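Dropping target-v9.txt in here (compact mmCIF, C-alpha atoms):
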```
# COMPACT_ATOMS: atom_id res chain seq x y z
CA MET A 1 -31.33 -14.38 -2.62
CA ARG A 2 -34.14 -16.23 -0.89
CA ARG A 3 -33.52 -19.55 -2.55
CA ARG A 4 -31.45 -22.03 -0.61
CA GLY A 5 -27.87 -22.70 -1.60
CA TYR A 6 -27.38 -19.33 -3.27
CA VAL A 7 -23.77 -19.12 -2.12
CA ARG A 8 -23.04 -22.46 -3.78
CA THR A 9 -24.22 -21.20 -7.16
CA ARG A 10 -21.94 -19.41 -9.57
CA TRP A 11 -23.62 -15.99 -9.29
CA PRO A 12 -21.93 -14.61 -6.16
CA TRP A 13 -18.55 -15.88 -7.32
CA ARG A 14 -18.97 -14.45 -10.82
CA SER A 15 -19.99 -11.16 -9.28
CA ALA A 16 -16.90 -11.19 -7.07
CA ALA A 17 -14.74 -11.99 -10.11
CA TYR A 18 -16.37 -9.11 -12.01
CA LEU A 19 -15.64 -6.71 -9.15
CA ALA A 20 -12.06 -7.97 -8.79
CA ALA A 21 -11.45 -7.65 -12.53
CA GLY A 22 -12.92 -4.15 -12.43
CA ALA A 23 -10.64 -3.13 -9.59
CA VAL A 24 -7.53 -4.54 -11.28
CA CYS A 25 -8.36 -3.18 -14.75
CA GLY A 26 -9.36 0.18 -13.31
CA ALA A 27 -6.19 0.59 -11.30
CA GLY A 28 -4.12 -0.33 -14.35
CA ALA A 29 -6.07 1.98 -16.64
CA PHE A 30 -5.83 4.81 -14.11
CA GLY A 31 -2.05 4.38 -13.87
CA LEU A 32 -1.68 4.23 -17.64
CA LEU A 33 -3.90 7.26 -18.20
CA VAL A 34 -2.07 9.35 -15.59
CA THR A 35 1.26 8.30 -17.11
CA LEU A 36 0.12 9.24 -20.61
CA ILE A 37 -1.09 12.63 -19.40
CA LEU A 38 2.05 13.41 -17.40
CA VAL A 39 4.56 12.22 -20.00
CA GLY A 40 2.59 13.86 -22.81
CA THR A 41 2.41 17.14 -20.94
CA VAL A 42 6.11 17.16 -20.06
CA LEU A 43 7.21 16.17 -23.57
CA SER A 44 4.80 18.54 -25.30
CA VAL A 45 7.38 21.28 -24.86
CA LEU A 46 9.54 19.35 -27.33
CA LEU A 47 6.50 18.53 -29.52
CA ILE A 48 7.12 14.84 -28.89
CA GLY A 49 4.32 14.62 -26.34
CA LEU A 50 1.59 15.91 -28.65
CA PRO A 51 0.99 12.47 -30.22
CA LEU A 52 0.76 11.02 -26.70
CA LEU A 53 -1.83 13.59 -25.74
CA ALA A 54 -3.71 12.83 -28.97
CA ALA A 55 -3.55 9.12 -28.13
CA ILE A 56 -5.58 9.83 -24.99
CA CYS A 57 -8.56 10.51 -27.27
CA LEU A 58 -8.29 6.94 -28.57
CA ALA A 59 -7.59 5.35 -25.18
CA GLY A 60 -11.25 4.54 -24.67
CA VAL A 61 -11.34 2.12 -27.62
CA PRO A 62 -9.31 -0.68 -25.95
CA MET A 63 -11.03 -0.02 -22.62
CA GLY A 64 -14.42 -0.38 -24.29
CA ALA A 65 -13.34 -3.68 -25.84
CA LEU A 66 -12.08 -4.92 -22.48
CA GLU A 67 -15.32 -3.93 -20.77
CA ARG A 68 -17.40 -5.68 -23.44
CA HIS A 69 -15.47 -8.89 -22.72
CA ARG A 70 -15.60 -8.36 -18.95
CA VAL A 71 -19.40 -8.44 -19.11
CA ARG A 72 -19.08 -12.15 -19.89
CA LEU A 73 -18.12 -12.73 -16.25
CA LEU A 74 -21.70 -11.89 -15.32
CA GLY A 75 -22.93 -14.86 -17.31
CA GLY A 76 -23.92 -13.28 -20.60
CA THR A 77 -22.28 -13.29 -23.96
CA ALA A 78 -19.81 -10.68 -25.06
CA VAL A 79 -21.43 -7.47 -26.25
CA ARG A 80 -21.15 -6.84 -29.96
CA ASP A 81 -18.49 -4.36 -31.08
CA PRO A 82 -20.32 -1.15 -32.07
CA HIS A 83 -17.49 0.09 -34.28
CA PRO A 84 -18.10 -0.39 -38.00
CA ALA A 85 -15.60 -2.16 -40.19
CA LEU A 86 -12.89 -0.04 -41.74
CA ALA A 87 -13.08 0.94 -45.40
CA ARG A 88 -9.30 1.23 -45.81
CA PRO A 89 -6.42 -0.45 -43.98
CA GLY A 90 -3.75 1.43 -42.09
CA PHE A 91 -3.33 3.32 -38.86
CA VAL A 92 -4.21 6.74 -40.25
CA ALA A 93 -7.48 5.45 -41.72
CA TRP A 94 -8.24 3.65 -38.46
CA ALA A 95 -7.56 6.74 -36.34
CA ARG A 96 -9.53 9.03 -38.66
CA THR A 97 -12.51 6.64 -38.65
CA ARG A 98 -12.44 6.12 -34.89
CA LEU A 99 -12.13 9.83 -34.10
CA GLY A 100 -15.21 10.53 -36.20
CA GLU A 101 -17.44 8.01 -34.44
CA PRO A 102 -19.67 8.91 -31.50
CA VAL A 103 -18.94 5.47 -29.99
CA THR A 104 -15.28 6.42 -29.51
CA TRP A 105 -16.21 9.49 -27.52
CA ARG A 106 -18.67 7.54 -25.37
CA GLU A 107 -15.94 4.99 -24.66
CA LEU A 108 -13.54 7.79 -23.73
CA GLY A 109 -16.12 9.22 -21.34
CA TYR A 110 -16.61 5.76 -19.84
CA LEU A 111 -12.84 5.43 -19.45
CA PHE A 112 -12.65 8.63 -17.40
CA VAL A 113 -15.65 7.68 -15.25
CA PHE A 114 -14.22 4.19 -14.78
CA CYS A 115 -10.75 5.48 -13.83
CA LEU A 116 -11.99 8.14 -11.45
CA LEU A 117 -15.07 6.58 -9.87
CA LEU A 118 -16.05 3.03 -10.76
CA TRP A 119 -12.96 0.98 -9.94
CA PRO A 120 -12.70 2.36 -6.37
CA VAL A 121 -16.37 1.51 -5.91
CA ASP A 122 -15.71 -2.02 -7.24
CA LEU A 123 -12.79 -2.36 -4.84
CA ALA A 124 -14.83 -1.11 -1.88
CA ALA A 125 -17.73 -3.43 -2.70
CA LEU A 126 -15.34 -6.36 -3.01
CA ALA A 127 -13.66 -5.52 0.30
CA ILE A 128 -16.94 -5.10 2.14
CA GLY A 129 -18.58 -8.12 0.53
CA LEU A 130 -15.72 -10.57 0.96
CA LEU A 131 -13.14 -9.34 3.43
CA LEU A 132 -15.47 -8.10 6.16
CA PRO A 133 -17.32 -11.44 6.60
CA VAL A 134 -14.02 -13.34 6.51
CA GLY A 135 -12.56 -10.99 9.13
CA VAL A 136 -15.60 -11.38 11.35
CA LEU A 137 -15.39 -15.16 11.11
CA TYR A 138 -11.67 -15.13 11.86
CA GLU A 139 -11.97 -12.90 14.90
CA ALA A 140 -14.97 -14.75 16.25
CA GLY A 141 -13.18 -18.04 15.74
CA SER A 142 -10.09 -16.82 17.56
CA VAL A 143 -12.20 -15.75 20.57
CA ALA A 144 -14.09 -19.04 20.53
CA ALA A 145 -10.81 -20.95 20.43
CA GLY A 146 -9.48 -18.91 23.34
CA VAL A 147 -6.56 -17.47 21.36
CA ASN A 148 -7.39 -13.87 22.24
CA GLY A 149 -9.06 -12.90 25.46
CA GLN A 150 -10.86 -9.90 24.03
CA VAL A 151 -11.21 -8.74 20.44
CA ARG A 152 -12.50 -5.41 19.17
CA LEU A 153 -14.47 -6.45 16.12
CA LEU A 154 -15.88 -3.05 15.24
CA PRO A 155 -15.52 0.32 16.96
CA GLY A 156 -17.63 0.10 20.09
CA TRP A 157 -18.14 -3.66 19.84
CA GLU A 158 -15.82 -5.95 21.76
CA ILE A 159 -16.09 -9.71 21.87
CA SER A 160 -14.98 -11.33 25.08
CA SER A 161 -17.22 -14.35 25.60
CA LEU A 162 -18.18 -17.49 23.73
CA PRO A 163 -21.84 -16.44 23.10
CA GLN A 164 -20.69 -13.14 21.63
CA ALA A 165 -18.20 -15.01 19.44
CA ALA A 166 -20.95 -17.34 18.23
CA ALA A 167 -23.17 -14.36 17.39
CA ALA A 168 -20.31 -12.68 15.51
CA GLY A 169 -19.62 -15.92 13.64
CA LEU A 170 -23.27 -16.08 12.54
CA LEU A 171 -23.05 -12.45 11.50
CA GLY A 172 -20.01 -13.27 9.36
CA VAL A 173 -21.81 -16.13 7.66
```
Take the structure I supplied and represent it as structure tokens, if you would.
Amino acid sequence: MRRRGYVRTRWPWRSAAYLAAGAVCGAGAFGLLVTLILVGTVLSVLLIGLPLLAAICLAGVPMGALERHRVRLLGGTAVRDPHPALARPGFVAWARTRLGEPVTWRELGYLFVFCLLLWPVDLAALAIGLLLPVGVLYEAGSVAAGVNGQVRLLPGWEISSLPQAAAAGLLGV
């Protein structure tokens, strides 16, 4: 962070893209997981929902693959797939193999942690890291331009003069 021109490099922008992708993927995965659980639970009375509830056990496999590719946004290469190759083709052989692997259960655990905790943290970090400085610059610029007479930037901090607007603008940068 001490080197000059850090903001012009690709690292902060790749990090922001990683956080944005995490927030979008996490919200989608959370919605899909909640839908699978609700529909599977409601339809389990008719025995139709039992395969949906069983599919939740395998829901971590695509999420793990997506996360391995999402790591590339940070500048590295995609992480190697830890699942071994299948001995026989077909869905039943695939499901039986995947359910017997420890990697599948780790990916399922990651899916639950990601859906319940990590994507809101990604969203909060993105909002604080990008939106707060932009908001500070906007409000300070509007005071400096004389658009608003007095702006409450943060609770307990009002900007009403040009020097305060300049200080807030520097804070935003």
Per residue of range 58-101 of chain A within 10 Å of range 9-20 of chain A, record the nearest atom pair and its distance in Å to one decimal, counting all atoms listed in the file, with rows in chain order and ascending residue number, as a Markdown table.
```
| residue | atom | partner | partner_atom | distance |
| --- | --- | --- | --- | --- |
| A:Arg70 | CA | A:Tyr18 | CA | 7.0 |
| A:Val71 | CA | A:Tyr18 | CA | 7.7 |
| A:Arg72 | CA | A:Tyr18 | CA | 8.9 |
| A:Leu73 | CA | A:Arg14 | CA | 5.8 |
| A:Leu74 | CA | A:Arg14 | CA | 5.9 |
| A:Gly75 | CA | A:Arg14 | CA | 7.6 |
```
Self-check item: Using only C-alpha atoms: which of A:Glu158, A:Arg4, A:Gly22, A:Val92 has the shortest distance to Ala124 in chain A
Solution: A:Gly22
Self-check item: Between CA of Ala29 in chain A and CA of Leu123 in chain A - distance in Å to one decimal
Solution: 14.3 Å
Self-check item: Selected residue of minimal separation from Leu53 in chain A among A:Ile37, A:Arg88, A:Leu66, A:Val103, counting all atoms listed in the file
Solution: A:Ile37
Quiz item: Which one of A:Gly109, A:Gly135, A:Gly90, A:Gly40 sits closest to Met63 in chain A if you count only C-alpha atoms?
Solution: A:Gly109
Practice problem: Tell me which protein, DNA and RNA residues are within 7 Å of Trp119 in chain A, counting all atoms listed in the file, leaving out same-chain ones fewer than 5 positions away, and put them as number ranges by chain. | Solution: A: 22-23, 26-27, 114
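Considering all atoms listed in the file, the residue among A:Leu33, A:Ala166, A:Val134, A:Leu47 positioned nearest to Leu116 in chain A is A:Leu33.
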Practice problem: Just give me the gap between CA of Tyr6 in chain A and CA of Leu170 in chain A in Å, one decimal is fine. | Solution: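 Straight-line distance from CA of Tyr6 in chain A to CA of Leu170 in chain A works out to 16.7 Å.
You will find CA of Val113 in chain A at 15.8 Å from CA of Arg68 in chain A.
Nearest residue to Pro51 in chain A, choosing from A:Ser160, A:Gly64, A:Gly100, A:Leu36 and counting only C-alpha atoms: A:Leu36.
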